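Q: Contents are CSV, C-alpha atoms; file name structure06.csv:
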```
chain,number,residue,atom,x,y,z
Q,214,MET,CA,0.0,0.0,0.0
Q,215,LEU,CA,1.4,3.3,-1.1
Q,216,LEU,CA,0.4,6.3,1.1
Q,217,ALA,CA,0.9,9.9,0.2
Q,218,ALA,CA,0.5,12.9,2.5
Q,219,GLU,CA,1.2,16.6,2.7
Q,220,HIS,CA,3.7,15.9,5.5
Q,221,VAL,CA,5.6,12.8,6.3
Q,222,LEU,CA,7.7,12.9,9.4
Q,223,THR,CA,10.9,10.9,9.8
Q,224,PRO,CA,13.3,11.2,12.7
Q,225,THR,CA,15.2,14.0,10.9
Q,226,HIS,CA,13.0,15.5,8.2
Q,227,ASP,CA,9.5,16.8,7.5
Q,228,MET,CA,8.9,15.6,3.9
Q,229,ALA,CA,6.4,18.1,2.5
Q,230,PRO,CA,4.9,16.3,0.6
Q,231,GLY,CA,6.0,12.8,1.1
Q,232,TRP,CA,5.0,9.1,0.7
Q,233,VAL,CA,5.4,5.8,2.5
Q,234,ASP,CA,5.2,2.4,0.8
Q,235,VAL,CA,4.1,-0.6,3.0
Q,236,ALA,CA,4.2,-4.3,2.1
Q,237,GLY,CA,2.9,-6.7,4.7
Q,238,ASP,CA,4.0,-5.6,8.1
Q,239,ARG,CA,7.0,-3.6,6.9
Q,240,VAL,CA,7.8,-0.2,5.6
Q,241,VAL,CA,9.6,-0.8,2.3
Q,242,ALA,CA,10.3,2.7,1.1
Q,243,VAL,CA,9.9,6.4,2.2
Q,244,GLY,CA,10.4,9.4,0.0
Q,245,ALA,CA,9.9,13.1,-0.5
Q,246,GLY,CA,7.9,14.7,-3.3
Q,247,ALA,CA,5.5,12.9,-5.7
Q,248,PRO,CA,5.1,9.2,-5.1
Q,249,PRO,CA,6.8,6.8,-7.6
Q,250,ARG,CA,3.4,5.5,-8.7
Q,251,THR,CA,-0.3,6.4,-8.1
Q,252,ALA,CA,-0.9,6.3,-4.3
Q,253,ASP,CA,-3.3,3.7,-3.0
Q,254,LEU,CA,-4.4,6.2,-0.4
Q,255,ASP,CA,-3.8,10.0,-0.7
Q,256,LEU,CA,-4.2,11.4,2.8
Q,257,GLY,CA,-4.3,15.0,1.5
Q,258,ALA,CA,-3.4,17.7,4.0
Q,259,ALA,CA,-2.7,15.1,6.8
Q,260,THR,CA,0.6,14.5,8.6
Q,261,LEU,CA,1.9,10.9,8.5
Q,262,ALA,CA,4.0,10.1,11.5
Q,263,PRO,CA,5.5,6.9,13.1
Q,264,GLY,CA,3.4,5.2,15.7
Q,265,PHE,CA,4.0,6.6,19.1
Q,266,VAL,CA,6.2,4.9,21.7
Q,267,ASP,CA,5.2,5.3,25.4
Q,268,LEU,CA,7.8,4.1,27.9
Q,269,HIS,CA,5.9,5.2,31.1
Q,270,VAL,CA,2.3,4.3,31.3
Q,271,HIS,CA,0.3,2.7,34.1
Q,272,GLY,CA,-3.0,2.1,32.4
Q,273,GLY,CA,-5.9,3.6,30.4
Q,274,GLY,CA,-9.5,3.1,29.4
Q,275,GLY,CA,-10.4,2.4,33.0
Q,276,ALA,CA,-7.9,-0.4,33.4
Q,277,SER,CA,-4.5,-0.7,35.2
Q,278,TYR,CA,-1.6,-2.9,34.4
Q,279,ASP,CA,-1.5,-4.2,38.0
Q,280,LYS,CA,-4.9,-5.8,37.6
Q,281,GLY,CA,-3.8,-8.7,35.3
Q,282,ALA,CA,-3.5,-9.6,31.6
Q,283,GLU,CA,-7.1,-8.7,30.6
Q,284,ALA,CA,-6.8,-5.2,32.1
Q,285,ALA,CA,-3.4,-4.8,30.5
Q,286,ALA,CA,-4.9,-5.6,27.1
Q,287,THR,CA,-7.7,-3.1,27.6
Q,288,ALA,CA,-5.2,-0.4,28.5
Q,289,ALA,CA,-3.0,-1.2,25.6
Q,290,ALA,CA,-5.9,-1.2,23.2
Q,291,THR,CA,-7.1,2.2,24.5
Q,292,HIS,CA,-3.7,3.8,23.9
Q,293,LEU,CA,-3.4,2.1,20.5
Q,294,GLY,CA,-6.6,3.9,19.4
Q,295,HIS,CA,-4.8,7.1,20.2
Q,296,GLY,CA,-1.8,6.3,18.1
Q,297,THR,CA,0.5,4.6,20.6
Q,298,THR,CA,1.6,1.5,18.8
Q,299,THR,CA,4.4,0.6,21.2
Q,300,LEU,CA,4.1,0.9,25.0
Q,301,ALA,CA,5.4,-0.3,28.3
Q,302,ALA,CA,3.5,-1.5,31.4
Q,303,SER,CA,4.5,0.6,34.3
Q,304,LEU,CA,3.9,-0.8,37.8
Q,305,VAL,CA,3.7,1.4,40.9
Q,306,THR,CA,5.1,0.4,44.3
Q,307,ASP,CA,3.4,-2.6,45.9
Q,308,ALA,CA,4.4,-5.4,48.3
Q,309,PRO,CA,7.3,-7.4,46.8
Q,310,ASP,CA,5.3,-10.6,46.3
Q,311,ARG,CA,2.5,-8.8,44.6
Q,312,THR,CA,4.8,-6.9,42.3
Q,313,ALA,CA,6.6,-10.2,41.4
Q,314,ARG,CA,3.2,-11.7,40.7
Q,315,ALA,CA,2.2,-8.8,38.5
Q,316,VAL,CA,5.4,-9.0,36.6
Q,317,ARG,CA,4.9,-12.7,36.0
Q,318,GLY,CA,1.4,-12.1,34.8
Q,319,LEU,CA,2.5,-9.4,32.3
Q,320,ALA,CA,5.5,-11.2,30.9
Q,321,PRO,CA,3.5,-13.2,28.4
Q,322,LEU,CA,2.1,-10.0,26.9
Q,323,VAL,CA,5.7,-8.9,26.3
Q,324,ASP,CA,6.5,-12.2,24.7
Q,325,ASP,CA,3.4,-11.7,22.4
Q,326,GLY,CA,4.4,-8.2,21.4
Q,327,VAL,CA,1.3,-6.5,23.1
Q,328,LEU,CA,3.7,-4.7,25.4
Q,329,ALA,CA,7.3,-3.6,24.7
Q,330,GLY,CA,8.4,-4.4,28.3
Q,331,ILE,CA,7.7,-3.8,32.0
Q,332,HIS,CA,8.7,-0.7,33.9
Q,333,LEU,CA,9.1,-0.9,37.6
Q,334,GLU,CA,8.5,2.5,39.2
Q,335,GLY,CA,9.3,1.4,42.7
Q,336,PRO,CA,9.7,0.1,45.3
Q,337,TRP,CA,13.2,1.7,45.6
Q,338,LEU,CA,12.1,5.3,45.8
Q,339,SER,CA,12.7,8.1,48.3
Q,340,PRO,CA,9.9,8.5,50.9
Q,341,LEU,CA,10.6,12.3,50.7
Q,342,HIS,CA,9.4,12.3,47.1
Q,343,ALA,CA,7.0,9.4,47.1
Q,344,GLY,CA,4.3,11.2,45.1
Q,345,ALA,CA,1.4,8.8,44.6
Q,346,HIS,CA,3.4,5.8,45.9
Q,347,ARG,CA,2.6,4.3,49.3
Q,348,ARG,CA,5.5,5.2,51.6
Q,349,GLU,CA,5.0,2.2,53.9
Q,350,LEU,CA,5.9,-0.1,50.9
Q,351,LEU,CA,9.1,1.7,49.8
Q,352,GLY,CA,12.3,-0.2,50.5
Q,353,HIS,CA,16.0,-0.4,49.8
Q,354,PRO,CA,17.4,-2.1,46.7
Q,355,SER,CA,19.2,-5.1,48.2
Q,356,PRO,CA,20.9,-7.4,45.7
Q,357,ALA,CA,18.4,-10.2,46.6
Q,358,ALA,CA,15.4,-7.8,46.1
Q,359,VAL,CA,16.7,-6.6,42.8
Q,360,ASP,CA,17.4,-10.1,41.5
Q,361,THR,CA,14.0,-11.4,42.6
Q,362,LEU,CA,12.0,-8.8,40.7
Q,363,LEU,CA,14.2,-9.0,37.6
Q,364,ALA,CA,14.0,-12.8,37.6
Q,365,ALA,CA,10.2,-12.7,37.9
Q,366,GLY,CA,10.0,-11.1,34.4
Q,367,ASP,CA,12.5,-13.5,32.8
Q,368,GLY,CA,13.7,-10.7,30.6
Q,369,ALA,CA,10.4,-8.8,30.4
Q,370,VAL,CA,11.5,-6.0,32.7
Q,371,ARG,CA,13.0,-3.3,30.5
Q,372,MET,CA,13.3,-0.3,32.9
Q,373,VAL,CA,13.6,0.3,36.6
Q,374,THR,CA,13.1,3.7,38.3
Q,375,ILE,CA,15.3,4.1,41.4
Q,376,ALA,CA,16.4,6.7,43.9
Q,377,PRO,CA,20.2,6.2,43.9
Q,378,GLU,CA,20.8,7.8,47.3
Q,379,LEU,CA,19.1,4.9,49.1
Q,380,PRO,CA,21.4,2.5,50.9
Q,381,GLY,CA,22.8,0.2,48.2
Q,382,GLY,CA,21.5,2.4,45.5
Q,383,ILE,CA,24.6,2.9,43.3
Q,384,GLU,CA,25.4,-0.8,43.5
Q,385,ALA,CA,21.8,-1.6,42.5
Q,386,VAL,CA,22.2,0.7,39.4
Q,387,ARG,CA,25.2,-1.4,38.4
Q,388,ARG,CA,23.4,-4.6,39.0
Q,389,ILE,CA,20.3,-3.6,37.1
Q,390,ARG,CA,22.3,-2.2,34.2
Q,391,ALA,CA,24.4,-5.4,34.1
Q,392,ALA,CA,21.2,-7.3,33.5
Q,393,GLY,CA,20.5,-5.3,30.4
Q,394,VAL,CA,17.8,-3.2,32.0
Q,395,VAL,CA,17.5,0.6,31.6
Q,396,VAL,CA,18.0,2.4,34.9
Q,397,ALA,CA,16.0,5.6,35.4
Q,398,ILE,CA,16.6,8.1,38.2
Q,399,GLY,CA,13.4,9.3,39.8
Q,400,HIS,CA,11.4,9.9,42.9
Q,401,THR,CA,14.7,11.0,44.4
Q,402,ASP,CA,16.3,13.3,46.9
Q,403,ALA,CA,19.8,12.6,45.5
Q,404,SER,CA,22.4,15.4,45.4
Q,405,TYR,CA,24.1,16.4,42.2
Q,406,ASP,CA,27.1,14.3,43.0
Q,407,VAL,CA,25.1,11.2,43.9
Q,408,THR,CA,23.1,11.6,40.7
Q,409,ARG,CA,26.3,11.9,38.6
Q,410,ALA,CA,27.7,8.8,40.4
Q,411,ALA,CA,24.5,6.9,39.4
Q,412,ILE,CA,24.9,8.0,35.8
Q,413,ASP,CA,28.5,6.9,35.8
Q,414,ALA,CA,27.3,3.5,37.2
Q,415,GLY,CA,25.0,3.1,34.2
Q,416,ALA,CA,21.8,5.1,34.8
Q,417,GLY,CA,20.5,6.3,31.4
Q,418,MET,CA,17.3,8.1,32.0
Q,419,GLY,CA,15.4,10.5,34.3
Q,420,THR,CA,11.9,9.6,35.3
Q,421,HIS,CA,9.4,12.6,34.7
Q,422,LEU,CA,12.1,15.3,35.0
Q,423,PHE,CA,11.4,17.9,37.8
Q,424,ASN,CA,8.4,15.9,39.2
Q,425,ALA,CA,8.9,13.9,42.4
Q,426,MET,CA,12.6,14.9,42.8
Q,427,ARG,CA,14.7,17.4,44.7
Q,428,PRO,CA,14.3,20.7,42.9
Q,429,LEU,CA,17.0,22.5,41.0
Q,430,HIS,CA,18.9,25.0,43.1
Q,431,HIS,CA,21.7,27.3,42.0
Q,432,ARG,CA,24.1,26.1,44.8
Q,433,GLU,CA,23.0,22.4,44.7
Q,434,PRO,CA,21.7,21.5,41.2
Q,435,GLY,CA,20.5,18.1,42.5
Q,436,PRO,CA,19.2,15.4,40.1
Q,437,VAL,CA,17.7,18.0,37.7
Q,438,GLY,CA,21.0,19.7,37.1
Q,439,ALA,CA,22.8,16.4,36.7
Q,440,LEU,CA,20.3,14.9,34.3
Q,441,LEU,CA,20.2,18.0,32.2
Q,442,GLU,CA,23.9,18.1,31.5
Q,443,ALA,CA,24.7,14.3,31.3
Q,444,PRO,CA,24.3,12.2,28.1
Q,445,VAL,CA,21.0,10.7,29.3
Q,446,ASP,CA,17.4,10.8,28.2
Q,447,VAL,CA,14.8,12.7,30.2
Q,448,GLU,CA,11.1,11.9,30.5
Q,449,LEU,CA,8.7,14.9,30.3
Q,450,VAL,CA,4.9,14.7,31.1
Q,451,ALA,CA,3.4,17.4,28.8
Q,452,ASP,CA,-0.1,17.6,30.2
Q,453,GLY,CA,-0.2,21.3,31.3
Q,454,ALA,CA,-0.2,20.2,35.0
Q,455,HIS,CA,3.2,18.5,35.5
Q,456,LEU,CA,5.3,21.1,33.8
Q,457,HIS,CA,4.9,24.8,32.8
Q,458,PRO,CA,5.1,25.4,29.0
Q,459,ALA,CA,8.2,27.5,29.5
Q,460,VAL,CA,9.9,24.5,31.2
Q,461,LEU,CA,9.0,22.3,28.2
Q,462,ARG,CA,10.5,24.8,25.8
Q,463,ALA,CA,13.6,25.2,27.9
Q,464,VAL,CA,14.3,21.4,28.2
Q,465,PHE,CA,13.7,20.7,24.5
Q,466,ALA,CA,16.1,23.6,23.7
Q,467,ALA,CA,18.7,22.3,26.2
Q,468,ARG,CA,18.5,18.6,25.4
Q,469,PRO,CA,17.9,18.2,21.7
Q,470,GLY,CA,17.4,14.5,20.8
Q,471,ARG,CA,17.2,13.5,24.5
Q,472,CYS,CA,13.6,14.4,25.4
Q,473,VAL,CA,11.2,11.6,25.8
Q,474,LEU,CA,7.5,12.4,26.0
Q,475,VAL,CA,5.6,10.0,28.2
Q,476,THR,CA,2.1,9.9,29.5
Q,477,ASP,CA,2.5,8.5,33.0
Q,478,ALA,CA,-1.2,7.7,32.4
Q,479,MET,CA,-3.2,5.8,35.0
Q,480,ALA,CA,-6.5,4.1,34.5
Q,481,ALA,CA,-8.1,7.4,33.5
Q,482,GLY,CA,-5.9,7.7,30.5
Q,483,GLY,CA,-8.1,8.4,27.5
Q,484,LEU,CA,-11.2,9.0,29.6
Q,485,GLY,CA,-12.8,12.0,31.3
Q,486,ASP,CA,-13.1,13.0,34.9
Q,487,GLY,CA,-14.1,10.4,37.5
Q,488,ASP,CA,-12.9,8.3,40.5
Q,489,PHE,CA,-10.2,5.7,39.9
Q,490,ARG,CA,-7.5,3.8,41.8
Q,491,LEU,CA,-3.7,3.7,41.4
Q,492,GLY,CA,-1.6,1.2,43.3
Q,493,GLY,CA,-4.4,0.6,45.8
Q,494,GLN,CA,-5.0,4.3,46.4
Q,495,ALA,CA,-8.1,6.4,45.6
Q,496,VAL,CA,-7.6,8.9,42.8
Q,497,GLU,CA,-9.9,11.8,41.8
Q,498,VAL,CA,-9.7,13.1,38.3
Q,499,ARG,CA,-11.1,16.6,38.1
Q,500,ASP,CA,-10.6,18.9,35.1
Q,501,GLY,CA,-8.4,16.2,33.6
Q,502,VAL,CA,-5.9,16.3,36.5
Q,503,ALA,CA,-5.4,13.1,38.6
Q,504,ARG,CA,-4.7,13.6,42.3
Q,505,LEU,CA,-4.7,11.3,45.3
Q,506,ALA,CA,-8.1,11.5,47.1
Q,507,GLY,CA,-6.9,10.7,50.6
Q,508,GLY,CA,-4.2,9.5,52.9
Q,509,PRO,CA,-0.8,11.1,53.7
Q,510,GLY,CA,-0.3,12.1,50.0
Q,511,LEU,CA,-3.6,13.9,49.7
Q,512,GLY,CA,-3.6,16.2,46.7
Q,513,ALA,CA,-0.4,14.8,45.1
Q,514,ILE,CA,-0.5,14.4,41.4
Q,515,ALA,CA,-1.2,10.7,40.7
Q,516,GLY,CA,0.0,10.1,37.1
Q,517,SER,CA,-2.1,11.6,34.3
Q,518,THR,CA,-5.0,11.1,32.0
Q,519,LEU,CA,-2.8,11.7,28.9
Q,520,THR,CA,-2.5,10.0,25.6
Q,521,LEU,CA,0.8,10.6,23.7
Q,522,VAL,CA,-0.9,12.4,20.9
Q,523,ALA,CA,-2.2,14.9,23.5
Q,524,ALA,CA,1.3,15.2,24.9
Q,525,VAL,CA,2.6,16.1,21.4
Q,526,ARG,CA,-0.2,18.7,21.0
Q,527,GLU,CA,0.7,20.2,24.4
Q,528,ALA,CA,4.4,20.4,23.5
Q,529,VAL,CA,3.6,22.1,20.2
Q,530,ARG,CA,1.3,24.6,22.0
Q,531,ALA,CA,4.3,25.3,24.3
Q,532,GLY,CA,6.4,26.2,21.3
Q,533,VAL,CA,8.2,23.0,20.5
Q,534,PRO,CA,8.5,22.4,16.7
Q,535,LEU,CA,6.2,19.6,15.6
Q,536,LEU,CA,9.1,17.4,14.2
Q,537,GLU,CA,10.9,17.6,17.6
Q,538,ALA,CA,7.7,16.9,19.5
Q,539,VAL,CA,6.9,13.8,17.4
Q,540,THR,CA,10.5,12.6,17.6
Q,541,ALA,CA,10.3,12.8,21.4
Q,542,ALA,CA,7.3,10.5,21.2
Q,543,THR,CA,8.7,8.1,18.7
Q,544,ALA,CA,12.4,7.7,17.7
Q,545,THR,CA,13.9,8.9,21.0
Q,546,PRO,CA,12.0,6.6,23.3
Q,547,ALA,CA,12.6,3.7,20.8
Q,548,ARG,CA,16.3,4.3,20.9
Q,549,ALA,CA,16.3,4.7,24.7
Q,550,TRP,CA,15.0,1.1,25.0
Q,551,GLY,CA,16.9,-0.3,22.1
Q,552,LEU,CA,13.7,-0.9,20.1
Q,553,ASP,CA,15.2,-0.8,16.6
Q,554,ASP,CA,12.1,-2.1,14.9
Q,555,VAL,CA,9.8,0.9,15.7
Q,556,GLY,CA,9.8,4.6,16.2
Q,557,ALA,CA,10.7,5.8,12.7
Q,558,LEU,CA,9.4,5.7,9.2
Q,559,GLU,CA,12.3,3.9,7.6
Q,560,ALA,CA,12.6,1.0,5.2
Q,561,GLY,CA,12.7,-2.3,7.0
Q,562,ARG,CA,11.0,-1.1,10.2
Q,563,ARG,CA,7.6,-2.3,11.3
Q,564,ALA,CA,4.7,-0.5,9.6
Q,565,ASP,CA,3.4,1.5,12.6
Q,566,LEU,CA,1.8,4.7,11.4
Q,567,VAL,CA,-0.3,7.5,12.7
Q,568,VAL,CA,-2.3,9.8,10.5
Q,569,LEU,CA,-2.8,13.3,12.1
Q,570,ASP,CA,-5.3,15.9,10.9
Q,571,GLU,CA,-4.6,19.6,10.8
Q,572,HIS,CA,-5.5,19.8,14.5
Q,573,LEU,CA,-3.0,17.0,15.4
Q,574,GLU,CA,-5.9,14.7,16.2
Q,575,VAL,CA,-5.5,11.1,15.3
Q,576,ALA,CA,-7.4,10.2,12.2
Q,577,ARG,CA,-6.1,6.7,11.5
Q,578,VAL,CA,-3.7,4.2,13.1
Q,579,MET,CA,-1.8,1.4,11.5
Q,580,ARG,CA,0.1,-1.2,13.5
Q,581,SER,CA,2.2,-3.9,11.8
Q,582,GLY,CA,0.7,-3.0,8.4
Q,583,VAL,CA,-2.9,-3.3,9.5
Q,584,TRP,CA,-5.3,-0.4,10.1
Q,585,VAL,CA,-6.6,-0.6,13.6
Q,586,SER,CA,-8.3,2.7,13.9
Q,587,PRO,CA,-10.7,2.8,12.1
Q,588,SER,CA,-11.1,-0.9,12.5
Q,589,SER,CA,-11.0,-1.6,8.8
Q,590,SER,CA,-8.7,-0.3,6.0
Q,591,PRO,CA,-9.9,3.1,4.6
Q,592,GLY,CA,-10.5,3.9,1.0
```
What does this structure look like when you write it as C-alpha cells?

A:
Amino acid sequence: MLLAAEHVLTPTHDMAPGWVDVAGDRVVAVGAGAPPRTADLDLGAATLAPGFVDLHVHGGGGASYDKGAEAAATAAATHLGHGTTTLAASLVTDAPDRTARAVRGLAPLVDDGVLAGIHLEGPWLSPLHAGAHRRELLGHPSPAAVDTLLAAGDGAVRMVTIAPELPGGIEAVRRIRAAGVVVAIGHTDASYDVTRAAIDAGAGMGTHLFNAMRPLHHREPGPVGALLEAPVDVELVADGAHLHPAVLRAVFAARPGRCVLVTDAMAAGGLGDGDFRLGGQAVEVRDGVARLAGGPGLGAIAGSTLTLVAAVREAVRAGVPLLEAVTAATATPARAWGLDDVGALEAGRRADLVVLDEHLEVARVMRSGVWVSPSSSPG
C-alpha cells in the first residue's frame, strides 16, 4: 500500500509532501515529493508520523496494568486507538510478592508483542518524594530484592526507576544495568554528586524530570541539574499540569534529541473525569488532572490522563516544533530502550503509522501494516 500525505515525518525530516510504501507488516520505502506511482491512499493535508512509543504508562481506558493480563490488554488497546503502537506496562510500588506476581502475569504480553516491556516504578524510591506511591511499601534495593524482581519477568522488565541515594542504590544501578535493563533516576532526593555517580554507574534516563525529585537550586543542582547536563534521556509529562510550558520549551532547547514524552497515564488515560484507583489508592480526576483523594499524600499528582498524541499537542502549543515533539514521542524513546524495529518511518521497520489531521488529532492508526483505527482499511 502506497500512502501519500502533505507531511511525512521521519526522525530527521519533514517531507512536504512525502510518501510511504508498505508491504505486509513492513515499511519498504519512504520518500519526498511525488510518489513513484499512483498512491493507493492519498491522505491529502494530513501528517503521517511513526506510531507513538510510550515508555511510562500505568493504564488507560479504565484499566490498570497491576490488575492482570485482561486489564493490560484493555489499557494497551485504549492507547493504540490514540496512536500509541508501542508501549510499556509501568507498575507502581506494591508489596514485593504482589509486584513479582504482577510482573509474571504481564511477561506473556511482552512475549506476544502486546507490550514492549515492563517498567518498575518502585519500590526503591525516596519517601521524601513518594508522590502517589505508598510510603510504607518503599524499601532499599538489596541485591536479593533486585534479583527477585528482575527474575520474575525472565527478561520482560526493561526499565527500573530508582532513587540512587538509598542504601545500596549505586550498586543496584550497576546490578540492574548489568542485567541489560534501563535504569531511570526518579522519585529521588539525590544530590548532584550522587546523581552523577549513578549516571557513571549506568543510569541512562530521568523519570518525569522535575516531578517527584529534589528541585533545581543554584548552589545544589541536585538530580535535575545532573540529568540536564549528562548524556542521558529525560522523560517529560506534557499535560499542562506536571510542567509549565516554559519549562517544556527550555528542556527541549537544552537537550535536543534527548527528550522523551511520556504519559505516566493511570486508569483514567483516554477517559474523562471520575474516580479511579492507582496502586491501591483512591484517585480523583477533576478537570483532567489526577490527584490522590486521601491518605498522607492527599492532593499529590497521581499520574495523568494523557495520551501521547495529547502530549505532542501540548508540546507544540508550548512552542516545541512539531518534528521535535513527534521525535520525542517516537524515535527517541525507541532508541532509549533499544527498540530498533519501531519509532521511525524507515525502510525495514515495522509499519506502525499514525495519521494526524490539521489539529493534530488522530485520524487513523496502522500497526504492523494493519489499520486498527478505524477498524478496517480506509478507502

Q: So which one's closest to His400 of chain Q, Q:Leu338, Q:Val450, Q:Val386, Q:Ala369? Using all atoms listed in the file, please.

A: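 So, comparing all the options, the nearest one is Q:Leu338.
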
Q: Identify, on the basis of all atoms listed in the file, every residue whose closest approach to Ala329 of chain Q does not exceed 6 Å; exclude the query and any residue fewer than 5 positions from it along the same chain; express the result as JSON, numbers by chain.

A: {"Q": [300, 301, 323]}

Q: Which polymer residues have any atom within 7 Å of an atom of Glu219 of chain Q, counting only C-alpha atoms, with same-chain residues fewer than 2 positions away left out, as a ChimeraX atom specification?

A: /Q:221,229-231,257-260

Q: Skip Leu362 of chain Q itself and residues of its chain fewer than 2 positions away, then list as a PyMOL selection string all residues within 9 Å of it, counting all atoms listed in the file.

A: chain Q and resi 309-310+312-313+316+333+357-360+364-366+370

Q: Name all residues at most 10 Å from segment 552-554 of chain Q (count only C-alpha atoms; drop same-chain ones fewer than 3 positions away) and give them as a PyMOL selection string.

A: chain Q and resi 239+266+299+329+544-549+557+559+561-565

Q: Find the spatial neighbours of Pro321 of chain Q, counting only C-alpha atoms, within a cut-off of 12 Å - ignore same-chain residues fewer than 4 positions away - and output them as a PDB file with C-alpha atoms, in the frame of the given file.

A:
```pdb
ATOM      1  CA  GLY Q 281      -3.800  -8.700  35.300  1.00  0.00           C
ATOM      2  CA  ALA Q 282      -3.500  -9.600  31.600  1.00  0.00           C
ATOM      3  CA  GLU Q 283      -7.100  -8.700  30.600  1.00  0.00           C
ATOM      4  CA  ALA Q 285      -3.400  -4.800  30.500  1.00  0.00           C
ATOM      5  CA  ALA Q 286      -4.900  -5.600  27.100  1.00  0.00           C
ATOM      6  CA  ALA Q 315       2.200  -8.800  38.500  1.00  0.00           C
ATOM      7  CA  VAL Q 316       5.400  -9.000  36.600  1.00  0.00           C
ATOM      8  CA  ARG Q 317       4.900 -12.700  36.000  1.00  0.00           C
ATOM      9  CA  ASP Q 325       3.400 -11.700  22.400  1.00  0.00           C
ATOM     10  CA  GLY Q 326       4.400  -8.200  21.400  1.00  0.00           C
ATOM     11  CA  VAL Q 327       1.300  -6.500  23.100  1.00  0.00           C
ATOM     12  CA  LEU Q 328       3.700  -4.700  25.400  1.00  0.00           C
ATOM     13  CA  ALA Q 329       7.300  -3.600  24.700  1.00  0.00           C
ATOM     14  CA  GLY Q 330       8.400  -4.400  28.300  1.00  0.00           C
ATOM     15  CA  ILE Q 331       7.700  -3.800  32.000  1.00  0.00           C
ATOM     16  CA  ALA Q 365      10.200 -12.700  37.900  1.00  0.00           C
ATOM     17  CA  GLY Q 366      10.000 -11.100  34.400  1.00  0.00           C
ATOM     18  CA  ASP Q 367      12.500 -13.500  32.800  1.00  0.00           C
ATOM     19  CA  GLY Q 368      13.700 -10.700  30.600  1.00  0.00           C
ATOM     20  CA  ALA Q 369      10.400  -8.800  30.400  1.00  0.00           C
ATOM     21  CA  VAL Q 370      11.500  -6.000  32.700  1.00  0.00           C
TER      22      VAL Q 370
END
```

Q: What is the atom CA of Leu505 of chain Q to atom CA of Pro377 of chain Q distance in Å?

A: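 One can read the atom CA of Leu505 of chain Q to atom CA of Pro377 of chain Q distance as 25.5 Å.
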
Q: For each of Q:Leu429, Q:Leu216, Q:Leu461, Q:Ala290, take the minimum atom-to-atom distance to Val585 of chain Q, counting only C-alpha atoms, then give the residue where this is smallest.

A: Q:Ala290

Q: Counting all atoms listed in the file, which residues have an atom no more than 6 Å from (20.2, 17.1, 45.7) in the file's coordinates? Please list them as an mmCIF file with C-alpha atoms, in the coordinates of the input.

A:
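In the end it all went to part-v8.cif:
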```cif
data_model
loop_
_atom_site.group_PDB
_atom_site.id
_atom_site.type_symbol
_atom_site.label_atom_id
_atom_site.label_comp_id
_atom_site.auth_asym_id
_atom_site.auth_seq_id
_atom_site.Cartn_x
_atom_site.Cartn_y
_atom_site.Cartn_z
ATOM 1 C CA ASP Q 402 16.300 13.300 46.900
ATOM 2 C CA ALA Q 403 19.800 12.600 45.500
ATOM 3 C CA SER Q 404 22.400 15.400 45.400
ATOM 4 C CA TYR Q 405 24.100 16.400 42.200
ATOM 5 C CA ARG Q 427 14.700 17.400 44.700
ATOM 6 C CA GLY Q 435 20.500 18.100 42.500
ATOM 7 C CA PRO Q 436 19.200 15.400 40.100
#
```

Q: Between Q:Val568, Q:His220, Q:Val235, Q:His269, which one has atoms that come closest to Ala247 of chain Q, using only C-alpha atoms?

A: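 Result for the nearest residue to Ala247 of chain Q: Q:His220.
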
Q: Compare Q:Arg347, Q:His455, Q:Arg250, Q:Arg387 by their minimum atom-to-atom distance to Ala411 of chain Q, counting all atoms listed in the file, and give me the closest one.

A: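 Under the stated criterion, the closest residue is Q:Arg387.
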
Q: With all atoms listed in the file as the basis for distance, which of Q:Ala414, Q:Ala397, Q:Ala478, Q:Ala236 is at the shortest distance from Val445 of chain Q?

A: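 Among the listed residues, the smallest separation from Val445 of chain Q belongs to Q:Ala397.
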
Q: What is the distance between atom CA of Ala541 of chain Q and atom CA of Leu422 of chain Q, in Å to one decimal?

A: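 Value for the atom CA of Ala541 of chain Q-atom CA of Leu422 of chain Q distance: 13.9 Å.
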
Q: Which polymer residues, whether protein, DNA or RNA, lie within 10 Å of the coordinate (-2.9, 16.6, 18.3) when you count only C-alpha atoms? List them as a list in words, using the chain letters and numbers from the file.

A: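 Residues found, by chain and rising number: His295, Thr520, Leu521, Val522, Ala523, Ala524, Val525, Arg526, Glu527, Ala528, Val529, Arg530, Leu535, Leu569, Asp570, Glu571, His572, Leu573, Glu574, Val575 and Ala576 of chain Q.
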
Q: To one decimal place in Å, what is the distance between atom CA of Leu363 of chain Q and atom CA of Val395 of chain Q?

A: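 Rounded to one decimal, the two atoms are 11.8 Å apart.
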
Q: Here is a test: counting all atoms listed in the file, which residue of Q:Val437, Q:Val473, Q:Ala284, Q:Met479 is nearest to Leu449 of chain Q?

A: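 For Leu449 of chain Q, the nearest of the given residues is Q:Val473.
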
Q: The centre and edge lengths of an axis-aligned box containing all atoms of segment 494-505 of chain Q present in the file, extended by 8 Å on each side, are to be given in Å to one decimal, as lines of an AutoDock Vina configuration file.

A:
```
center_x = -7.9
center_y = 11.6
center_z = 40.0
size_x = 22.4
size_y = 30.6
size_z = 28.8
```
